[in-house]
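The block underneath contains the structure these notes are about, expressed in structure tokens.
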Amino acid sequence: MELEEAIRTRRTHKAYGSEPLDRATLEELLELGRWAPNHHLTNPWRFRVLGAGALARLKEAAGPEAAGKLDRAPTLVAVSVVRSGDPVADEEDLCAAACAAYIVLLAAHGRGLAGYWRTPAVLRTPEGRAALGIGDDEHAIGLLHLGPARQDQRAPERAPARDVVNFLD
């Protein structure tokens with residue numbers, strides 16, 4: 001798949017087949033994520049692939065109403081960013097970690113897989129963070145749902161470039 005096609009055709013999926021991603025594929029996706037642009041090469045992103053125990057702990061922390069949404073995909077990856085305490089570096093590193101997460105989603109799509117980036121409230125709670133071992137020096141930025149697509153998704157409406165781009169003198 002060509003890069004521009006991958007960018008234009010990647011979609012958010014909320015319905016997946018039941019087959020989890022194999023470890024080799026996950027390692028390939030996460031290895032690609034580490035190539036995100038990163039000022040000062042701090043490698044601030046952290047990926048946690050949730051096994052059955054981690055998922056159970058996160059569901060318990062989420063509570064019964066929110067736990068069901070954690071079962072959408074057969075593979076979940078929590079993404080966080082290490083904070084240094086320097087506001088400028090932390091902002092740059094947050095953006096780098098977000099790029100790394102998007103690379104994982106785009107690489108999964110390039111392999112014919114579906115993905116969904118969620119920022120569930122449980123990742124902002126002490127219980128949810130503890131369930132995944134996310135320390136006080138990290139900021140959780142999302143949960144990537146990955147797996148085989150169970151349905152096609154249509155392209156969403158997008159604002160034309162002229163509505164969001166300014167060329168400055």
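Just so we're on the same page: first chain in the structure tokens is A, next is B, and so on; residues restart at 1 for each chain, and ligands are numbered from 1 in the order they show up.
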
**Request:** Mind the document's chain letters and residue numbers, and return as a ChimeraX atom specification the residues of region 55-101 of chain A that DSSP labels helix (DSSP H, G or I).
**Result:** /A:55-62,64-71,87-101

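Contact shell of region 96-111 of chain A at 6 Å (only C-alpha atoms; same-chain neighbours under 3 positions omitted): Leu29, Gly33, Ala36, Pro37, Asn38, Trp45, Asp93, Ala114 and Gly115 of chain A.
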
Let's have the selection written as a tab-separated table (two decimals), in the first residue's frame, with C-alpha atoms.
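Saved the output as out-v6.tsv:
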```
chain	number	residue	atom	x	y	z
A	29	LEU	CA	4.14	-2.42	14.61
A	33	GLY	CA	6.27	3.39	16.21
A	36	ALA	CA	8.31	8.81	15.25
A	37	PRO	CA	9.97	12.21	15.07
A	38	ASN	CA	11.39	13.00	18.48
A	45	TRP	CA	6.75	6.73	24.35
A	93	ASP	CA	7.52	14.46	23.87
A	114	ALA	CA	-8.19	-2.39	11.85
A	115	GLY	CA	-7.46	0.08	14.63
```

**Prompt:** What is the distance, in Å and to one decimal place, between CA of Pro87 (chain A) and CA of Ala121 (chain A)?
**Reply:** 23.4 Å

**Item:** Contacts of region 47-64 of chain A at 6 Å (only C-alpha atoms; same-chain gap of 4+ positions) as a list in words
**Value:**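 Once the adjacent positions are removed, what remains is Leu76, Val77, Ala78, Val79, Val122, Glu127, Gly128 and Ala131 of chain A.
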
**Complete:** One decimal place gives the CA of Lys14 (chain A)-CA of Glu28 (chain A) separation as 22.6 Å

**Message:** Show me, as a PyMOL selection string, the residues that have an atom within 7 Å of Arg118 (chain A) when counting only C-alpha atoms, minus same-chain residues fewer than 3 positions from it.
**Reply:** chain A and resi 142-144

**Prompt:** Between CA of Val82 (chain A) and CA of Pro20 (chain A), what is the spacing in Å?
**Reply:**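 Distance reported for this atom pair: 27.3 Å.
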
**Request:** Identify which of the residues A:Asp137, A:Arg10, A:Pro156, A:Glu19 lies closest to Ser84 (chain A), counting only C-alpha atoms when measuring atom-to-atom distances.
**Result:**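 The closest residue to Ser84 (chain A) is A:Asp137.
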
**Message:** Restricting the calculation to only C-alpha atoms: of A:Leu94, A:Leu146, A:Ala24, A:Leu123, which residue gets closest to Ala66 (chain A)?
**Reply:**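 Looking at the shortest contact to Ala66 (chain A), the residue is A:Leu123.
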
**Request:** Return the single residue from A:Thr119, A:Ala155, A:Ala130, A:Thr75 that is closest to Leu21 (chain A), with distances computed using only C-alpha atoms.
**Result:** A:Thr75

**Asked** A:Ala140, A:Thr42, A:Arg34, A:Pro120: which is nearest Gly68 (chain A), counting only C-alpha atoms?
**Response**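 Ranking A:Ala140, A:Thr42, A:Arg34, A:Pro120 by distance to Gly68 (chain A), first place goes to A:Pro120.
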
**Prompt:** Among region 80-139 of chain A, which residues carry a DSSP assignment of strand (DSSP E or B), reported as a list of chain:residue names?
**Reply:** A:Ser80, A:Val81, A:Val82, A:Leu113, A:Ala114, A:Gly115, A:Tyr116, A:Trp117, A:Arg118, A:Glu138, A:His139

**Nearby residues (only C-alpha atoms) at most 12 Å from Gln151 (chain A), same-chain spacing under 6 positions excluded, as a list in words** =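 So, after excluding close chain neighbours, the residues are Arg11, Thr12, His13, Lys14, Ala15, Tyr16, Gly17, Leu113, Ala114 and Gly115 of chain A.
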